[in-house]
Amino acid sequence: MFLSFVSLSSQSEVPTLSKLIITAALIGAEVTREQSPYIPLTPEEIAAEAYRCHAAGASIVHIHVRDTEGKPSQDTDIFRETMQLIRARCDIIVQFSTGGAVTATAEERVAPIALQPEMATLTTGTCNFGDDVFMNSPKIVESIARALQEHGVKPEVEVFEVGMIQNAFALVKKGLLKEPLHFNFVLGVPGAIPATPKNLLHLVESLPPGATWSVAGIGRAQLPLGVMSIVLGGHVRVGFEDNLYYSKGVLAKSNAELVARMVRIARECHREIATPREAREILSLAAGR
Ligand code: KMH
Ligand code: ZN
């Protein structure tokens with residue numbers, strides 16, 4: 001009796017989830033070597049780190065670059081060199097940031113898109129960002145969306161506040177975004193949506209059928225919200241852009257350590273890990289560019 005109950009419930013109640021896409025956000029625009037000696041800065045260091053993350057199970061790298069002084073940059077040549085070095089090492093999906101640093105102009109942010117990475121981010125609204133403002137007026141958002149469309153780059157809609165989801169739907173109506181949409185929910189930026197499970201559930205429940213989503217929890221929220229996403233059927237972003245620590249007071253020595261932990265947890269939860277090729281299928285990317 002007990003045995004048949006167990007087998008019945010295992011067949012009927014546990015949904016089959018897609019393989020898990022892990023994005024490694026290697027560096028971002030804000031963290032510094034003073035905060036962690038382990039952050040990659042040069043194109044060579046970023047590419048080597050991308051390869052380590054690929055080997056650990058990441059299928060996307062989210063890329064920001066730095067200039068020779070380690071300052072955030074949207075220089076197309078540095079993006080080009082970084083992408084070439086990554087592609088020479090592995091087939092991980094390269095996703096450029098169009099968010100850049102809060103000080104970057106809209107023109108600077110969009111310039112590297114001409115290199116036609118497979119993916120790039122598109123933040124669909126303005127929010128506070130610590131003491132700064134991450135400016136994404138309708139005009140800026142539309143100009144970036146148009147550039148992504150022109151160059152055939154798949155957008156990842158970055159959501160720092162719940163209204164940004166509705167703004168993405170408006171872009172679909174205007175013909176500037178094409179379904180199925182892929183979202184990344186960033187929770188825990190000071191000044192934007194707090195990193196609570198309830199908030200993540202609300203964001204997920206606001207999506208239309210067919211959309212895919214990932215979650216990036218900031219700081220110590222990276223691990224618990226990532227675990228929640230594994231169970232809910234979303235995807236996960238980890239990495240130094242959002243969190244420098246492996247555990248309280250202990251710096252992670254590589255982005256790959258954070259990727260490897262998510263791989264272990266996902267497998268324990270019966271969620272297999274997507275290869276880059278499988279991630280391309282899940283995200284409806286034009287394969288193998
Ligand atoms: N650095 C933040 C201001 C993105 O990559 O598209 C914006 C950001 C988002 O990192
Ligand atoms: Zn970023």
# chains A, B, ... in the order shown; residues from 1 in each chain; ligands from 1
$ select_by_dssp --residues "stretch 57-116 of chain A" --states "strand (DSSP E or B)" --output "PyMOL selection string"
chain A and resi 60-63+65-66+72-73+93-96
$ write_last_selection --atoms "N, CA, C and O atoms" --output "mmCIF file, in the first residue's frame"
data_model
loop_
_atom_site.group_PDB
_atom_site.id
_atom_site.type_symbol
_atom_site.label_atom_id
_atom_site.label_comp_id
_atom_site.auth_asym_id
_atom_site.auth_seq_id
_atom_site.Cartn_x
_atom_site.Cartn_y
_atom_site.Cartn_z
ATOM 1 N N ILE A 60 26.413 29.830 -20.234
ATOM 2 C CA ILE A 60 26.433 31.236 -20.684
ATOM 3 C C ILE A 60 27.457 31.994 -19.835
ATOM 4 O O ILE A 60 27.555 31.761 -18.624
ATOM 5 N N VAL A 61 28.226 32.883 -20.477
ATOM 6 C CA VAL A 61 28.998 33.865 -19.684
ATOM 7 C C VAL A 61 28.445 35.253 -19.968
ATOM 8 O O VAL A 61 28.288 35.646 -21.132
ATOM 9 N N HIS A 62 28.189 35.972 -18.897
ATOM 10 C CA HIS A 62 27.732 37.367 -18.981
ATOM 11 C C HIS A 62 28.988 38.234 -18.849
ATOM 12 O O HIS A 62 29.705 38.153 -17.849
ATOM 13 N N ILE A 63 29.229 39.048 -19.878
ATOM 14 C CA ILE A 63 30.522 39.724 -19.999
ATOM 15 C C ILE A 63 30.418 41.241 -19.844
ATOM 16 O O ILE A 63 29.646 41.906 -20.538
ATOM 17 N N VAL A 65 33.655 44.292 -19.533
ATOM 18 C CA VAL A 65 35.122 44.354 -19.658
ATOM 19 C C VAL A 65 35.648 45.587 -18.921
ATOM 20 O O VAL A 65 34.885 46.495 -18.568
ATOM 21 N N ARG A 66 36.963 45.563 -18.724
ATOM 22 C CA ARG A 66 37.640 46.669 -18.028
ATOM 23 C C ARG A 66 38.746 47.212 -18.921
ATOM 24 O O ARG A 66 39.286 46.486 -19.778
ATOM 25 N N PRO A 72 35.631 50.049 -15.478
ATOM 26 C CA PRO A 72 34.640 49.509 -16.410
ATOM 27 C C PRO A 72 34.685 50.225 -17.750
ATOM 28 O O PRO A 72 34.895 51.433 -17.807
ATOM 29 N N SER A 73 34.503 49.459 -18.825
ATOM 30 C CA SER A 73 34.627 50.007 -20.172
ATOM 31 C C SER A 73 33.577 49.368 -21.073
ATOM 32 O O SER A 73 33.159 48.232 -20.839
ATOM 33 N N ILE A 93 28.045 30.152 -24.526
ATOM 34 C CA ILE A 93 27.305 31.283 -25.111
ATOM 35 C C ILE A 93 27.828 32.581 -24.508
ATOM 36 O O ILE A 93 27.902 32.709 -23.280
ATOM 37 N N VAL A 94 28.194 33.509 -25.367
ATOM 38 C CA VAL A 94 28.721 34.801 -24.893
ATOM 39 C C VAL A 94 27.590 35.821 -24.890
ATOM 40 O O VAL A 94 26.951 36.069 -25.914
ATOM 41 N N GLN A 95 27.356 36.377 -23.718
ATOM 42 C CA GLN A 95 26.302 37.389 -23.543
ATOM 43 C C GLN A 95 26.969 38.699 -23.104
ATOM 44 O O GLN A 95 27.610 38.746 -22.055
ATOM 45 N N PHE A 96 26.834 39.733 -23.922
ATOM 46 C CA PHE A 96 27.413 41.039 -23.577
ATOM 47 C C PHE A 96 26.464 41.800 -22.657
ATOM 48 O O PHE A 96 25.235 41.704 -22.795
#
$ residues_around --residues "A:Leu285" --least-positions-apart "3" --cutoff "8 Å" --atoms "only C-alpha atoms" --output "ChimeraX atom specification"
/A:118,154,280-282
$ closest_residue --among "A:Pro180, A:Gly125, A:Pro276, A:Gly28" --to "A:Asn243" --atoms "only C-alpha atoms"
A:Gly28
$ residues_near_ligand --ligand "ligand 1" --cutoff "10 Å" --atoms "only C-alpha atoms and all ligand atoms" --output "count of residues only"
44
$ residues_around --residues "A:Glu142" --least-positions-apart "2" --cutoff "10 Å" --atoms "only C-alpha atoms" --output "number ranges by chain"
A: 122, 124, 136-140, 144-148, 171, 174, 176-177
$ write_last_selection --atoms "N, CA, C and O atoms" --output "mmCIF file, in the first residue's frame"
data_model
loop_
_atom_site.group_PDB
_atom_site.id
_atom_site.type_symbol
_atom_site.label_atom_id
_atom_site.label_comp_id
_atom_site.auth_asym_id
_atom_site.auth_seq_id
_atom_site.Cartn_x
_atom_site.Cartn_y
_atom_site.Cartn_z
ATOM 1 N N LEU A 122 19.210 43.473 -21.802
ATOM 2 C CA LEU A 122 18.363 44.638 -22.085
ATOM 3 C C LEU A 122 17.560 44.925 -20.824
ATOM 4 O O LEU A 122 16.631 44.181 -20.493
ATOM 5 N N THR A 124 14.824 46.927 -18.901
ATOM 6 C CA THR A 124 13.643 47.586 -19.463
ATOM 7 C C THR A 124 13.038 48.641 -18.531
ATOM 8 O O THR A 124 11.834 48.883 -18.558
ATOM 9 N N ASN A 136 17.487 53.937 -17.543
ATOM 10 C CA ASN A 136 16.970 53.246 -18.729
ATOM 11 C C ASN A 136 15.630 53.861 -19.105
ATOM 12 O O ASN A 136 14.569 53.256 -18.902
ATOM 13 N N SER A 137 15.699 55.077 -19.647
ATOM 14 C CA SER A 137 14.482 55.762 -20.092
ATOM 15 C C SER A 137 13.892 54.965 -21.258
ATOM 16 O O SER A 137 14.613 54.182 -21.907
ATOM 17 N N PRO A 138 12.591 55.180 -21.568
ATOM 18 C CA PRO A 138 12.014 54.488 -22.724
ATOM 19 C C PRO A 138 12.857 54.678 -23.987
ATOM 20 O O PRO A 138 13.040 53.737 -24.765
ATOM 21 N N LYS A 139 13.417 55.885 -24.169
ATOM 22 C CA LYS A 139 14.224 56.147 -25.371
ATOM 23 C C LYS A 139 15.492 55.273 -25.386
ATOM 24 O O LYS A 139 15.839 54.672 -26.409
ATOM 25 N N ILE A 140 16.170 55.183 -24.253
ATOM 26 C CA ILE A 140 17.388 54.353 -24.176
ATOM 27 C C ILE A 140 17.035 52.884 -24.421
ATOM 28 O O ILE A 140 17.686 52.183 -25.195
ATOM 29 N N ILE A 144 18.405 50.454 -27.519
ATOM 30 C CA ILE A 144 19.176 49.209 -27.332
ATOM 31 C C ILE A 144 18.408 48.028 -27.956
ATOM 32 O O ILE A 144 18.992 47.188 -28.648
ATOM 33 N N ALA A 145 17.094 47.990 -27.722
ATOM 34 C CA ALA A 145 16.285 46.892 -28.291
ATOM 35 C C ALA A 145 16.395 46.883 -29.814
ATOM 36 O O ALA A 145 16.523 45.815 -30.447
ATOM 37 N N ARG A 146 16.382 48.078 -30.410
ATOM 38 C CA ARG A 146 16.479 48.175 -31.877
ATOM 39 C C ARG A 146 17.835 47.648 -32.362
ATOM 40 O O ARG A 146 17.907 46.900 -33.339
ATOM 41 N N ALA A 147 18.893 48.017 -31.647
ATOM 42 C CA ALA A 147 20.239 47.555 -32.040
ATOM 43 C C ALA A 147 20.334 46.033 -31.932
ATOM 44 O O ALA A 147 20.901 45.365 -32.814
ATOM 45 N N LEU A 148 19.752 45.459 -30.887
ATOM 46 C CA LEU A 148 19.794 43.998 -30.729
ATOM 47 C C LEU A 148 19.060 43.329 -31.890
ATOM 48 O O LEU A 148 19.538 42.339 -32.463
ATOM 49 N N LEU A 171 7.283 46.394 -25.347
ATOM 50 C CA LEU A 171 8.244 46.319 -26.464
ATOM 51 C C LEU A 171 7.854 45.231 -27.459
ATOM 52 O O LEU A 171 8.092 45.355 -28.663
ATOM 53 N N LYS A 174 5.288 46.719 -29.657
ATOM 54 C CA LYS A 174 5.887 47.661 -30.626
ATOM 55 C C LYS A 174 6.735 46.947 -31.676
ATOM 56 O O LYS A 174 7.322 47.599 -32.544
ATOM 57 N N LEU A 176 9.573 45.448 -31.059
ATOM 58 C CA LEU A 176 11.004 45.575 -30.758
ATOM 59 C C LEU A 176 11.567 44.368 -30.007
ATOM 60 O O LEU A 176 12.782 44.210 -29.891
ATOM 61 N N LEU A 177 10.691 43.539 -29.472
ATOM 62 C CA LEU A 177 11.116 42.268 -28.868
ATOM 63 C C LEU A 177 10.248 41.168 -29.451
ATOM 64 O O LEU A 177 9.069 41.388 -29.751
#
$ closest_residue --among "A:Val141, A:Ile92, A:Ala56, A:Leu20" --to "A:Leu258" --atoms "only C-alpha atoms"
A:Ala56
$ closest_residue --among "A:Val238, A:Leu85, A:Ala47, A:Met119" --to "A:Gln149" --atoms "only C-alpha atoms"
A:Met119
$ select_by_dssp --residues "stretch 50-171 of chain A" --states "alpha helix (DSSP H)" --output "PyMOL selection string"
chain A and resi 50-56+76-89+106-110+138-150+163-171
$ atom_distance --atom1 "atom CA of A:Arg220" --atom2 "atom CA of A:Gly249"
10.7 Å
$ atom_distance --atom1 "atom CA of A:Tyr38" --atom2 "atom CA of A:Phe183"
28.3 Å
$ closest_residue --among "A:Gln35, A:Ala24, A:Lys178, A:Leu244" --to "ligand 2" --atoms "only C-alpha atoms and all ligand atoms"
A:Ala24
$ closest_residue --among "A:Phe185, A:Tyr245, A:Trp213, A:Phe169" --to "ligand 2" --atoms "only C-alpha atoms and all ligand atoms"
A:Phe185
$ closest_residue --among "A:Arg237, A:Arg33, A:His202, A:Arg89" --to "ligand 2" --atoms "only C-alpha atoms and all ligand atoms"
A:Arg237
$ residues_around --residues "A:Glu257" --least-positions-apart "2" --cutoff "9 Å" --atoms "only C-alpha atoms" --output "PyMOL selection string"
chain A and resi 53+56+239+246+252-255+259-262
$ write_last_selection --atoms "C-alpha atoms" --output "CSV table (one decimal), in the first residue's frame"
chain,number,residue,atom,x,y,z
A,53,CYS,CA,33.2,28.1,-15.7
A,56,ALA,CA,32.4,23.5,-14.3
A,239,GLY,CA,29.4,34.9,-10.2
A,246,TYR,CA,31.6,31.4,-1.2
A,252,ALA,CA,35.3,32.5,-3.6
A,253,LYS,CA,38.6,31.9,-5.4
A,254,SER,CA,37.0,31.6,-8.8
A,255,ASN,CA,33.6,32.1,-10.4
A,259,VAL,CA,29.1,27.4,-10.7
A,260,ALA,CA,30.3,24.0,-9.4
A,261,ARG,CA,28.2,24.4,-6.2
A,262,MET,CA,25.1,25.1,-8.3
$ decode --residues "stretch 184-196 of chain A" --atoms "N, CA, C and O atoms" --output "short mmCIF file (atom, residue, chain, number, x, y, z; two decimals), in the first residue's frame"
data_model
loop_
_atom_site.label_atom_id
_atom_site.label_comp_id
_atom_site.auth_asym_id
_atom_site.auth_seq_id
_atom_site.Cartn_x
_atom_site.Cartn_y
_atom_site.Cartn_z
N ASN A 184 15.98 37.71 -16.90
CA ASN A 184 16.83 37.46 -15.74
C ASN A 184 16.35 38.38 -14.63
O ASN A 184 16.36 39.61 -14.79
N PHE A 185 15.95 37.79 -13.51
CA PHE A 185 15.48 38.58 -12.36
C PHE A 185 16.65 38.85 -11.43
O PHE A 185 17.28 37.91 -10.94
N VAL A 186 16.94 40.14 -11.24
CA VAL A 186 18.04 40.52 -10.35
C VAL A 186 17.41 41.04 -9.06
O VAL A 186 16.74 42.08 -9.07
N LEU A 187 17.60 40.31 -7.98
CA LEU A 187 16.98 40.69 -6.71
C LEU A 187 18.05 41.00 -5.67
O LEU A 187 19.00 40.24 -5.52
N GLY A 188 17.86 42.14 -5.01
CA GLY A 188 18.76 42.47 -3.91
C GLY A 188 19.71 43.61 -4.18
O GLY A 188 20.57 43.91 -3.35
N VAL A 189 19.58 44.28 -5.34
CA VAL A 189 20.35 45.52 -5.56
C VAL A 189 19.79 46.57 -4.60
O VAL A 189 18.57 46.78 -4.57
N PRO A 190 20.64 47.22 -3.79
CA PRO A 190 20.11 48.25 -2.88
C PRO A 190 19.39 49.34 -3.67
O PRO A 190 19.96 49.92 -4.59
N GLY A 191 18.13 49.57 -3.36
CA GLY A 191 17.34 50.56 -4.09
C GLY A 191 16.39 49.94 -5.08
O GLY A 191 15.54 50.63 -5.65
N ALA A 192 16.49 48.64 -5.31
CA ALA A 192 15.57 47.95 -6.24
C ALA A 192 14.90 46.79 -5.50
O ALA A 192 14.90 46.76 -4.27
N ILE A 193 14.32 45.83 -6.22
CA ILE A 193 13.47 44.82 -5.55
C ILE A 193 14.29 43.97 -4.56
O ILE A 193 15.36 43.46 -4.90
N PRO A 194 13.82 43.85 -3.33
CA PRO A 194 14.55 43.05 -2.33
C PRO A 194 14.56 41.56 -2.67
O PRO A 194 13.64 41.05 -3.33
N ALA A 195 15.61 40.88 -2.19
CA ALA A 195 15.82 39.47 -2.54
C ALA A 195 15.07 38.56 -1.59
O ALA A 195 15.66 37.89 -0.73
N THR A 196 13.75 38.50 -1.75
CA THR A 196 12.95 37.59 -0.91
C THR A 196 12.32 36.52 -1.79
O THR A 196 12.01 36.77 -2.96
#
